[in-house]
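Shown here: coords35.txt, compact mmCIF, C-alpha atoms and all ligand atoms.
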# COMPACT_ATOMS: atom_id res chain seq x y z
CA MET A 1 6.98 -41.18 -8.10
CA GLU A 2 3.41 -40.13 -9.02
CA ILE A 3 2.55 -36.72 -7.60
CA LYS A 4 -1.05 -37.18 -8.78
CA GLN A 5 -1.47 -39.99 -6.24
CA LEU A 6 -0.63 -37.60 -3.40
CA LEU A 7 -3.32 -35.07 -4.36
CA ARG A 8 -6.60 -34.82 -2.51
CA ASP A 9 -9.38 -36.26 -4.69
CA ASN A 10 -11.31 -32.98 -4.73
CA ILE A 11 -8.24 -31.14 -6.00
CA ARG A 12 -7.58 -33.73 -8.69
CA ARG A 13 -11.16 -33.25 -9.88
CA LEU A 14 -11.26 -29.47 -9.38
CA ALA A 15 -12.33 -27.30 -12.29
CA PRO A 16 -10.60 -24.03 -11.35
CA TYR A 17 -12.31 -20.65 -11.55
CA SER A 18 -11.67 -19.15 -14.92
CA CYS A 19 -11.20 -15.42 -14.65
CA ALA A 20 -11.50 -12.88 -17.46
CA ARG A 21 -7.75 -12.48 -17.59
CA ASP A 22 -7.34 -16.25 -18.12
CA GLU A 23 -9.80 -16.48 -20.99
CA PHE A 24 -8.39 -13.65 -23.04
CA LYS A 25 -4.64 -13.25 -23.15
CA GLY A 26 -3.29 -10.74 -25.60
CA GLU A 27 -3.50 -7.09 -26.51
CA ALA A 28 -6.77 -5.36 -27.27
CA SER A 29 -7.92 -1.76 -27.23
CA VAL A 30 -11.28 -2.19 -25.54
CA TYR A 31 -11.68 -4.29 -22.40
CA LEU A 32 -15.31 -4.84 -21.47
CA ASP A 33 -14.93 -8.37 -20.12
CA ALA A 34 -14.24 -8.03 -16.39
CA ASN A 35 -16.70 -5.42 -15.08
CA GLU A 36 -13.81 -3.16 -14.16
CA SER A 37 -14.03 0.60 -14.04
CA PRO A 38 -13.12 2.12 -17.43
CA TYR A 39 -11.45 5.15 -15.80
CA ASN A 40 -7.73 4.59 -15.93
CA ASN A 41 -5.98 5.43 -12.69
CA GLY A 42 -3.21 2.84 -12.60
CA THR A 43 -5.13 0.32 -10.51
CA ASN A 44 -8.54 0.04 -12.20
CA ARG A 45 -7.69 -3.20 -14.05
CA TYR A 46 -7.29 -6.67 -12.54
CA PRO A 47 -3.62 -7.70 -12.38
CA ASP A 48 -1.98 -10.57 -14.26
CA PRO A 49 -3.14 -13.66 -12.30
CA LEU A 50 0.12 -15.50 -13.05
CA GLN A 51 2.53 -12.53 -12.67
CA ALA A 52 4.39 -13.31 -15.92
CA GLU A 53 6.57 -10.18 -15.88
CA VAL A 54 7.82 -10.81 -12.36
CA LYS A 55 8.51 -14.47 -13.15
CA ALA A 56 10.39 -13.49 -16.31
CA LEU A 57 12.87 -11.52 -14.19
CA LEU A 58 12.95 -14.01 -11.33
CA ALA A 59 13.48 -17.20 -13.37
CA PRO A 60 17.07 -16.46 -14.50
CA ILE A 61 18.00 -15.25 -11.00
CA LYS A 62 16.76 -18.53 -9.50
CA LYS A 63 17.98 -20.60 -12.48
CA VAL A 64 14.57 -22.20 -13.05
CA ARG A 65 11.95 -22.07 -15.78
CA GLN A 66 9.05 -19.65 -15.33
CA SER A 67 6.69 -22.65 -15.19
CA GLN A 68 8.51 -23.80 -12.03
CA ILE A 69 7.61 -20.64 -10.08
CA PHE A 70 4.58 -19.90 -7.91
CA LEU A 71 4.25 -16.45 -6.36
CA GLY A 72 2.00 -15.91 -3.37
CA ASN A 73 0.90 -13.47 -0.70
CA GLY A 74 4.00 -14.26 1.36
CA SER A 75 5.45 -17.75 1.83
CA ASP A 76 2.54 -18.26 4.15
CA GLU A 77 0.20 -18.61 1.17
CA ALA A 78 2.40 -21.38 -0.26
CA ILE A 79 2.51 -23.13 3.11
CA ASP A 80 -1.28 -23.09 3.36
CA LEU A 81 -1.63 -24.32 -0.24
CA VAL A 82 0.49 -27.40 0.49
CA TYR A 83 -2.13 -28.42 3.04
CA ARG A 84 -5.10 -27.57 0.85
CA ILE A 85 -3.69 -29.45 -2.15
CA PHE A 86 -2.22 -32.58 -0.56
CA CYS A 87 -3.64 -33.15 2.92
CA ARG A 88 -7.06 -34.60 3.72
CA PRO A 89 -8.48 -32.93 6.86
CA GLY A 90 -8.87 -35.34 9.76
CA ILE A 91 -6.97 -38.10 7.94
CA ASP A 92 -3.51 -37.07 6.76
CA ASN A 93 -0.49 -35.89 8.71
CA VAL A 94 2.72 -33.94 8.17
CA VAL A 95 6.10 -34.35 9.87
CA ALA A 96 8.43 -31.55 10.94
CA PRO A 97 11.30 -31.07 13.34
CA ALA A 98 10.94 -28.98 16.49
CA PRO A 99 11.74 -26.21 16.97
CA THR A 100 10.99 -24.75 13.56
CA TYR A 101 8.94 -22.03 11.86
CA GLY A 102 5.57 -21.72 13.60
CA MET A 103 3.38 -21.31 10.51
CA TYR A 104 3.68 -24.98 9.52
CA GLN A 105 1.79 -25.97 12.67
CA VAL A 106 -0.67 -23.06 12.57
CA CYS A 107 -1.68 -23.92 9.00
CA ALA A 108 -1.90 -27.63 9.93
CA ASP A 109 -4.25 -26.75 12.79
CA ILE A 110 -6.37 -24.48 10.58
CA ASN A 111 -6.66 -27.23 7.97
CA ASP A 112 -7.30 -29.94 10.60
CA ILE A 113 -4.16 -31.88 9.67
CA GLU A 114 -2.21 -33.82 12.29
CA TYR A 115 1.18 -32.15 12.88
CA ARG A 116 3.92 -34.53 14.05
CA ALA A 117 6.73 -32.56 15.67
CA VAL A 118 10.01 -34.42 16.14
CA PRO A 119 12.61 -32.76 18.40
CA LEU A 120 15.95 -31.93 16.81
CA THR A 121 19.12 -33.44 18.26
CA ASP A 122 21.08 -31.47 20.84
CA GLY A 123 23.19 -30.05 17.99
CA TYR A 124 19.98 -28.84 16.27
CA GLN A 125 20.29 -31.43 13.49
CA LEU A 126 17.46 -33.66 12.26
CA ASP A 127 16.92 -36.75 14.43
CA MET A 128 16.68 -39.06 11.44
CA PRO A 129 15.60 -42.27 13.24
CA ALA A 130 12.82 -40.36 15.02
CA MET A 131 11.79 -38.52 11.84
CA LYS A 132 11.59 -41.82 9.95
CA ALA A 133 9.56 -43.40 12.76
CA ALA A 134 7.04 -40.51 12.60
CA ILE A 135 6.31 -41.04 8.90
CA ASP A 136 3.49 -43.35 7.84
CA GLN A 137 1.10 -44.05 4.92
CA ASN A 138 -0.85 -40.85 5.57
CA THR A 139 2.16 -38.54 5.78
CA LYS A 140 1.73 -36.11 2.90
CA ALA A 141 4.43 -33.53 3.58
CA ILE A 142 7.74 -33.15 5.41
CA TRP A 143 8.61 -29.58 6.49
CA LEU A 144 12.34 -28.85 6.49
CA CYS A 145 13.33 -25.26 7.16
CA SER A 146 17.00 -24.87 6.26
CA PRO A 147 18.56 -22.61 7.47
CA ASN A 148 16.16 -23.33 10.30
CA ASN A 149 14.21 -20.71 12.20
CA PRO A 150 14.83 -20.20 15.16
CA THR A 151 18.05 -22.27 15.45
CA GLY A 152 19.78 -20.57 12.49
CA ASN A 153 21.65 -23.63 11.19
CA VAL A 154 21.30 -25.59 7.96
CA PHE A 155 20.39 -29.27 8.08
CA ALA A 156 22.77 -31.89 6.63
CA LYS A 157 22.16 -32.12 2.90
CA ASP A 158 22.32 -35.93 3.00
CA ASP A 159 19.37 -35.90 5.41
CA LEU A 160 17.31 -33.66 3.11
CA LEU A 161 18.14 -35.97 0.19
CA TRP A 162 17.12 -39.02 2.21
CA PHE A 163 13.54 -37.75 2.42
CA LEU A 164 13.47 -36.94 -1.28
CA ASP A 165 14.76 -40.40 -2.18
CA ASN A 166 12.71 -42.47 0.25
CA VAL A 167 9.46 -40.82 1.27
CA ASN A 168 6.22 -40.95 -0.68
CA ALA A 169 5.28 -37.41 0.30
CA MET A 170 6.00 -33.82 -0.64
CA VAL A 171 9.29 -32.58 0.81
CA VAL A 172 9.12 -28.84 1.46
CA VAL A 173 12.49 -27.16 2.02
CA ASP A 174 11.94 -23.63 3.33
CA GLU A 175 14.90 -21.52 2.22
CA ALA A 176 13.69 -18.15 3.52
CA TYR A 177 17.24 -17.45 4.76
CA ILE A 178 19.24 -19.14 1.99
CA ASP A 179 20.86 -15.89 0.79
CA PHE A 180 22.67 -15.63 4.13
CA SER A 181 24.12 -19.14 3.83
CA ASP A 182 27.10 -20.44 1.87
CA LYS A 183 25.88 -24.05 2.09
CA GLY A 184 23.93 -24.06 -1.17
CA THR A 185 20.31 -24.21 -2.29
CA MET A 186 18.17 -27.27 -3.04
CA VAL A 187 16.77 -25.52 -6.14
CA GLU A 188 19.24 -27.38 -8.35
CA MET A 189 17.59 -30.65 -7.26
CA LEU A 190 14.18 -29.69 -8.68
CA ASP A 191 14.61 -31.46 -12.00
CA LYS A 192 15.54 -34.68 -10.23
CA TYR A 193 12.79 -34.75 -7.59
CA PRO A 194 9.14 -34.18 -8.55
CA ASN A 195 8.19 -34.18 -4.83
CA LEU A 196 10.48 -31.28 -3.92
CA ILE A 197 9.07 -27.83 -3.13
CA VAL A 198 11.55 -25.07 -2.27
CA LEU A 199 10.15 -21.99 -0.53
CA GLN A 200 11.90 -18.65 -0.75
CA THR A 201 10.70 -15.12 -0.10
CA PHE A 202 11.16 -11.42 -0.77
CA SER A 203 10.78 -10.76 2.96
CA LYS A 204 14.34 -11.28 4.23
CA ALA A 205 17.43 -10.80 2.02
CA TRP A 206 15.47 -8.79 -0.56
CA GLY A 207 14.27 -6.45 2.21
CA GLN A 208 10.63 -6.49 1.09
CA ALA A 209 8.63 -7.94 3.97
CA ALA A 210 5.91 -5.30 3.51
CA ILE A 211 5.01 -6.16 -0.09
CA ARG A 212 4.06 -9.76 0.92
CA LEU A 213 5.64 -11.77 -1.87
CA GLY A 214 6.59 -15.40 -1.31
CA ILE A 215 8.09 -17.84 -3.79
CA ALA A 216 7.54 -21.57 -4.25
CA LEU A 217 9.78 -23.39 -6.71
CA ALA A 218 8.81 -26.90 -7.80
CA SER A 219 8.11 -29.12 -10.78
CA GLU A 220 5.85 -27.70 -13.47
CA GLU A 221 3.18 -30.22 -12.40
CA VAL A 222 3.18 -29.14 -8.76
CA ILE A 223 3.17 -25.45 -9.71
CA GLY A 224 0.15 -26.25 -11.89
CA TYR A 225 -1.73 -27.48 -8.80
CA PHE A 226 -0.73 -24.36 -6.85
CA ASN A 227 -2.08 -22.20 -9.68
CA LYS A 228 -5.30 -24.20 -9.79
CA VAL A 229 -6.03 -23.80 -6.08
CA LYS A 230 -4.78 -20.26 -5.33
CA TYR A 231 -7.07 -17.20 -5.37
CA PRO A 232 -7.17 -15.93 -8.96
CA TYR A 233 -5.54 -12.54 -8.27
CA ASN A 234 -3.45 -13.49 -5.26
CA VAL A 235 -0.63 -10.99 -5.90
CA ASN A 236 -1.82 -7.41 -6.35
CA ILE A 237 -0.49 -5.01 -8.98
CA LEU A 238 1.31 -2.74 -6.49
CA THR A 239 3.32 -5.71 -5.26
CA GLN A 240 4.01 -6.94 -8.79
CA LYS A 241 5.25 -3.51 -9.93
CA HIS A 242 7.38 -3.07 -6.85
CA ALA A 243 8.89 -6.55 -7.29
CA LEU A 244 9.92 -5.66 -10.85
CA LYS A 245 11.85 -2.65 -9.54
CA VAL A 246 13.49 -4.68 -6.80
CA LEU A 247 14.52 -7.48 -9.16
CA GLU A 248 16.26 -5.01 -11.44
CA ASP A 249 18.78 -4.27 -8.70
CA VAL A 250 20.13 -7.65 -7.62
CA ALA A 251 23.42 -5.96 -6.75
CA LYS A 252 21.69 -3.93 -4.05
CA LYS A 253 20.35 -7.07 -2.41
CA GLU A 254 23.82 -8.60 -2.56
CA ARG A 255 25.43 -5.54 -0.98
CA ASN A 256 22.91 -5.65 1.85
CA VAL A 257 23.47 -9.37 2.39
CA ALA A 258 27.25 -8.87 2.46
CA GLU A 259 26.87 -6.11 5.05
CA ILE A 260 24.63 -8.28 7.22
CA LEU A 261 27.11 -11.18 7.04
CA VAL A 262 29.85 -8.86 8.31
CA GLN A 263 27.55 -7.58 11.04
CA ARG A 264 26.53 -11.11 12.00
CA ASP A 265 30.14 -11.78 13.03
CA VAL A 266 30.45 -8.39 14.72
CA LEU A 267 27.28 -8.95 16.72
CA ARG A 268 28.32 -12.49 17.66
CA ASP A 269 31.64 -11.26 19.06
CA LEU A 270 29.96 -8.43 20.94
CA LEU A 271 27.38 -10.76 22.48
CA LEU A 272 29.97 -13.37 23.43
CA SER A 273 31.90 -10.75 25.39
CA LEU A 274 28.89 -10.21 27.70
CA SER A 275 28.63 -12.13 30.96
CA CYS A 276 24.86 -12.62 30.55
CA VAL A 277 25.40 -14.45 27.23
CA LYS A 278 26.18 -18.13 27.69
CA GLU A 279 26.22 -19.28 24.07
CA VAL A 280 25.70 -17.93 20.56
CA TYR A 281 24.74 -20.73 18.19
CA PRO A 282 26.27 -20.94 14.70
CA SER A 283 24.07 -19.12 12.18
CA ASP A 284 23.53 -19.40 8.45
CA ALA A 285 20.77 -16.78 8.66
CA ASN A 286 20.34 -13.08 9.47
CA PHE A 287 19.73 -13.73 13.15
CA LEU A 288 21.55 -15.23 16.11
CA LEU A 289 20.05 -17.63 18.63
CA CYS A 290 21.66 -16.90 21.99
CA LYS A 291 21.47 -18.71 25.28
CA VAL A 292 21.46 -16.18 28.11
CA SER A 293 21.42 -16.34 31.90
CA ASP A 294 17.69 -15.59 32.14
CA ALA A 295 15.81 -15.01 28.88
CA ASN A 296 12.62 -13.65 30.49
CA VAL A 297 14.50 -11.09 32.57
CA ILE A 298 16.73 -9.95 29.71
CA TYR A 299 13.84 -9.82 27.26
CA ALA A 300 11.84 -7.60 29.61
CA TYR A 301 14.88 -5.39 30.33
CA LEU A 302 15.58 -4.87 26.62
CA GLN A 303 11.92 -4.15 25.92
CA GLN A 304 11.84 -1.52 28.63
CA LYS A 305 14.88 0.08 26.93
CA GLY A 306 13.01 0.10 23.61
CA ILE A 307 14.84 -2.88 22.07
CA ILE A 308 12.68 -5.77 20.92
CA VAL A 309 14.10 -9.27 20.38
CA ARG A 310 12.29 -12.60 20.17
CA ASN A 311 12.02 -14.55 23.39
CA ARG A 312 12.21 -18.25 22.52
CA ASN A 313 12.45 -19.42 26.13
CA ARG A 314 9.35 -21.59 25.92
CA VAL A 315 10.25 -23.23 22.60
CA THR A 316 11.49 -26.87 22.46
CA LEU A 317 15.29 -27.06 23.05
CA CYS A 318 15.50 -23.26 23.39
CA ALA A 319 15.27 -22.72 27.15
CA ASN A 320 16.68 -19.30 28.00
CA CYS A 321 17.23 -18.47 24.34
CA LEU A 322 16.67 -15.14 22.64
CA ARG A 323 16.58 -14.78 18.88
CA ILE A 324 18.25 -11.55 17.84
CA THR A 325 18.02 -10.25 14.27
CA VAL A 326 21.24 -8.78 12.87
CA GLY A 327 20.62 -5.03 12.48
CA THR A 328 22.61 -2.04 11.30
CA PRO A 329 26.01 -1.37 12.91
CA THR A 330 24.32 1.28 15.08
CA GLU A 331 21.54 -1.05 16.20
CA ASN A 332 23.98 -3.85 16.98
CA ALA A 333 26.14 -1.50 19.03
CA GLU A 334 23.03 -0.29 20.84
CA ILE A 335 21.88 -3.72 21.98
CA TYR A 336 25.45 -4.47 23.08
CA GLU A 337 25.79 -1.25 25.10
CA THR A 338 22.38 -1.79 26.65
CA LEU A 339 23.17 -5.36 27.69
CA LYS A 340 26.54 -4.28 29.05
CA GLU A 341 24.77 -2.04 31.55
CA LEU A 342 22.60 -4.89 32.82
C1 LIG B 1 10.37 -15.12 7.61
C2 LIG B 1 10.12 -16.50 7.16
C3 LIG B 1 9.38 -16.75 6.00
C4 LIG B 1 8.83 -15.63 5.19
O1 LIG B 1 7.47 -15.58 5.24
P1 LIG B 1 6.72 -14.54 4.29
O2 LIG B 1 5.29 -14.93 4.46
O3 LIG B 1 7.23 -14.77 2.90
O4 LIG B 1 7.05 -13.17 4.78
C5 LIG B 1 9.21 -18.04 5.58
N1 LIG B 1 9.74 -19.06 6.27
C6 LIG B 1 10.47 -18.86 7.37
C7 LIG B 1 11.08 -20.01 8.06
C8 LIG B 1 10.68 -17.58 7.86
O5 LIG B 1 11.39 -17.40 8.97

Since I need it in another form, could you write the structure as C-alpha cells?
Ligand SMILES: *Cc1c(COP(=O)(O)O)cnc(C)c1O
Amino acid sequence: MEIKQLLRDNIRRLAPYSCARDEFKGEASVYLDANESPYNNGTNRYPDPLQAEVKALLAPIKKVRQSQIFLGNGSDEAIDLVYRIFCRPGIDNVVAPAPTYGMYQVCADINDIEYRAVPLTDGYQLDMPAMKAAIDQNTKAIWLCSPNNPTGNVFAKDDLLWFLDNVNAMVVVDEAYIDFSDKGTMVEMLDKYPNLIVLQTFSKAWGQAAIRLGIALASEEVIGYFNKVKYPYNVNILTQKHALKVLEDVAKKERNVAEILVQRDVLRDLLLSLSCVKEVYPSDANFLLCKVSDANVIYAYLQQKGIIVRNRNRVTLCANCLRITVGTPTENAEIYETLKEL
C-alpha cells in the first residue's frame, strides 16, 4: 500500500518551514540565529521542535523507534493533522462509528470533510457490514476509538485488522484509554501496516491532562508527514520538561492505574446496588457508562449537589446514559451516597 497516494497534493509538494533549530543541530556557545532574547531565564530559547529527549524516554516504554513517534498539543493536534494531511476539503470523507469521541467530527467539520457516522450494534461493537458500505474511493481515514469513548468497551481486534487489511485509507486507532484495558494495544502492528496510526495521550493514565501532550505512533513515513505539517514548535519547553519527569516514574503511573482498576469494580458494584441505575456497561477504560431511570433528572440532581458527570442522554444509542469517571475511593463513595438519597 502506497501512503504517498493518500496524501493531499499540496502536502506532497509542501516545502516545510525551516526553523533555526532545524538548520543548526549541535552544541555551540553563541546562539545568534533565532532572534531570541540573550538573557537566560529558562524559557528564552525556542524548544526542540522534535522533542528528542522526550521521545528517547518514550520510545522504549511504547516499544517503538523514536522515528515512529509524533508528539502534539494533545491528541487533538494529531486528529486535526490527519485531516490536514490526507483529506481534501469538500471532496474526501472519513468513516467512524457512533457514538464515539466528539473531536473526530468537530475536526472534520472545521476542515470541511464529510463525516460518515455509522451506528454501533446494540452491544456497542462495530457494525461491519454498515461500516464497509460507508467506505468509498474518497474515504481517507477510519476512526476507531478502542476502548471507545463514551461506551467504554474495546472493539473486536479482528474487525480492526479487517480495515487495516482491506481499506485503502488511514486507519486511526485511538488508544487514549489503553492503559486501563487488558485487551492489548495495536502498537505491535505498526511494522506490518503502513496505514496504521495509533493515538495515545498523557491526559488519562499518566495523569497529565493539563500539560497537553498527545502521542501519535505510526510508520516513519507517516510521522514524517506529521512533522512536515505541524507548527514548528508545537510542544512548549515547560511541557517537554514536565514530560521528562513524568516518564521517569512509570511505576507511579502503574500504581495509579491499578488503583483505578480496583475502584472501577467498586464503583460498578455501588452503582448497580442503586434503584435508579438500570445498567452499568462493561468498561475497559477509567469511566463507566450507566443507564439510569432518567439521565436529565439525575444529572441535574448531582450537579446541584456539586457532583459533575457527563450526560450522554442525547448521544446515539446512549438514551438515559451518564458517563461517570472513576474517582478516588472518597469521590466514588460520595456519588454513591448522594444517589442513594435520591
Ligand atoms: C480524552 C481523550 C483523548 C485525549 O485527548 P488529549 O487532547 O490528548 O487530551 C483522546 N481521545 C479520546 C477518545 C479521549 O477520550

**Prompt:** What do you get as a ChimeraX atom specification if you pick all residues at most 9 Å from ligand LIG 1 (chain B), counting all atoms listed in the file?
**Reply:** /A:72-79,100-103,145-150,174-177,199-204,208-215

**Asked** Can you list, as a ChimeraX atom specification, every protein, DNA or RNA residue that comes within 8 Å of Ala169 in chain A when you count all atoms listed in the file, leaving out same-chain residues fewer than 3 positions away?
**Response** /A:6,139-142,195

Give me a file of those residues, with C-alpha atoms, as a tab-separated table (two decimals), in the frame of the given file.
chain	number	residue	atom	x	y	z
A	6	LEU	CA	-0.63	-37.60	-3.40
A	139	THR	CA	2.16	-38.54	5.78
A	140	LYS	CA	1.73	-36.11	2.90
A	141	ALA	CA	4.43	-33.53	3.58
A	142	ILE	CA	7.74	-33.15	5.41
A	195	ASN	CA	8.19	-34.18	-4.83

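Comparing A:Asp249, A:Asp9, A:Glu114, A:Asp136 by their smallest distance to Val167 in chain A, the closest is A:Asp136 (using all atoms listed in the file).
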
**Prompt:** Which polymer residues, protein or nucleic acid, are no farther than 12 Å from (-6.2, -5.4, -11.4), counting only C-alpha atoms, as a PyMOL selection string?
**Reply:** chain A and resi 19-21+34-38+40-49+51+232-241

Residues of the last selection are to be written out with C-alpha atoms, as an mmCIF file, in the frame of the given file.
data_model
loop_
_atom_site.group_PDB
_atom_site.id
_atom_site.type_symbol
_atom_site.label_atom_id
_atom_site.label_comp_id
_atom_site.auth_asym_id
_atom_site.auth_seq_id
_atom_site.Cartn_x
_atom_site.Cartn_y
_atom_site.Cartn_z
ATOM 1 C CA CYS A 19 -11.200 -15.420 -14.650
ATOM 2 C CA ALA A 20 -11.500 -12.880 -17.460
ATOM 3 C CA ARG A 21 -7.750 -12.480 -17.590
ATOM 4 C CA ALA A 34 -14.240 -8.030 -16.390
ATOM 5 C CA ASN A 35 -16.700 -5.420 -15.080
ATOM 6 C CA GLU A 36 -13.810 -3.160 -14.160
ATOM 7 C CA SER A 37 -14.030 0.600 -14.040
ATOM 8 C CA PRO A 38 -13.120 2.120 -17.430
ATOM 9 C CA ASN A 40 -7.730 4.590 -15.930
ATOM 10 C CA ASN A 41 -5.980 5.430 -12.690
ATOM 11 C CA GLY A 42 -3.210 2.840 -12.600
ATOM 12 C CA THR A 43 -5.130 0.320 -10.510
ATOM 13 C CA ASN A 44 -8.540 0.040 -12.200
ATOM 14 C CA ARG A 45 -7.690 -3.200 -14.050
ATOM 15 C CA TYR A 46 -7.290 -6.670 -12.540
ATOM 16 C CA PRO A 47 -3.620 -7.700 -12.380
ATOM 17 C CA ASP A 48 -1.980 -10.570 -14.260
ATOM 18 C CA PRO A 49 -3.140 -13.660 -12.300
ATOM 19 C CA GLN A 51 2.530 -12.530 -12.670
ATOM 20 C CA PRO A 232 -7.170 -15.930 -8.960
ATOM 21 C CA TYR A 233 -5.540 -12.540 -8.270
ATOM 22 C CA ASN A 234 -3.450 -13.490 -5.260
ATOM 23 C CA VAL A 235 -0.630 -10.990 -5.900
ATOM 24 C CA ASN A 236 -1.820 -7.410 -6.350
ATOM 25 C CA ILE A 237 -0.490 -5.010 -8.980
ATOM 26 C CA LEU A 238 1.310 -2.740 -6.490
ATOM 27 C CA THR A 239 3.320 -5.710 -5.260
ATOM 28 C CA GLN A 240 4.010 -6.940 -8.790
ATOM 29 C CA LYS A 241 5.250 -3.510 -9.930
#

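Each of A:Pro16, A:Gly184, A:Pro119, A:Pro194 was checked against Val172 in chain A using all atoms listed in the file; the smallest atom-to-atom distance is that of A:Pro194.
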
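Restricting the calculation to all atoms listed in the file, the smallest distance between Gly152 in chain A and any of A:Asn93, A:Gln68, A:Gln137, A:Asn286 is found for A:Asn286.
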
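Going from CA of Ala285 in chain A over to CA of Pro60 in chain A, you cover 23.5 Å.
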
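Of the listed residues (A:Lys62, A:Asp159, A:Arg310, A:Glu337), A:Glu337 comes nearest to Ser273 in chain A; the distances count all atoms listed in the file.
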
**Request:** Within 12 Å of range 268-272 of chain A, counting all atoms listed in the file, which residues show up once you throw out same-chain ones fewer than 5 positions away? Write them as an NGL selection string, please.
**Result:** :A and (260-263 or 277-283 or 286-292 or 322 or 324-327 or 329 or 332-340)

**Message:** List as an MDAnalysis selection string the residues having at least one atom at most 7 Å from position (17.6, -8.6, -11.1) as given in the file, counting only C-alpha atoms.
**Reply:** chainID A and resid 57 61 247:250

**Request:** Measure the distance from CA of Gln66 in chain A to CA of Leu217 in chain A in Å and round it to one decimal.
**Result:** 9.4 Å

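In this model, the gap between CA of Tyr124 in chain A and CA of Arg312 in chain A comes to 14.5 Å.
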
What are the closest atom pairs, with distances in Å to one decimal, for all residues of range 153-212 of chain A lying within 10 Å of range 219-231 of chain A? Consider only C-alpha atoms, order rows by chain and residue number, and present the result as a Markdown table.
| residue | atom | partner | partner_atom | distance |
| --- | --- | --- | --- | --- |
| A:Met170 | CA | A:Val222 | CA | 9.8 |
| A:Leu190 | CA | A:Ser219 | CA | 6.4 |
| A:Asp191 | CA | A:Ser219 | CA | 7.0 |
| A:Lys192 | CA | A:Ser219 | CA | 9.3 |
| A:Tyr193 | CA | A:Ser219 | CA | 8.0 |
| A:Pro194 | CA | A:Ser219 | CA | 5.6 |
| A:Asn195 | CA | A:Ser219 | CA | 7.8 |
| A:Leu196 | CA | A:Ser219 | CA | 7.6 |
| A:Ile197 | CA | A:Ser219 | CA | 7.8 |

**Asked** So which one's closest to Phe70 in chain A, A:Met131, A:Arg88, A:Val198, A:Gln5? Using only C-alpha atoms, please.
**Response** A:Val198

Determine the axis-aligned bounding box of all atoms of range 99-116 of chain A present in the file, pad each side by 6 Å, and express its centre and edge lengths in Å to one decimal place as lines of an AutoDock Vina configuration file.
center_x = 2.2
center_y = -27.9
center_z = 12.5
size_x = 31.0
size_y = 25.2
size_z = 21.0

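Of the listed residues (A:Tyr115, A:Trp162, A:Trp143, A:Phe24), A:Tyr115 comes nearest to Pro89 in chain A; the distances count all atoms listed in the file.
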
**Request:** Find the residues around Ile110 in chain A up to 12 Å (only C-alpha atoms counted), leave out those fewer than 6 positions away in its own chain, and share them as a list in words.
**Result:** Ile79, Asp80, Leu81, Tyr83, Arg84, Cys87, Pro89, Gly90, Met103 and Tyr104 of chain A
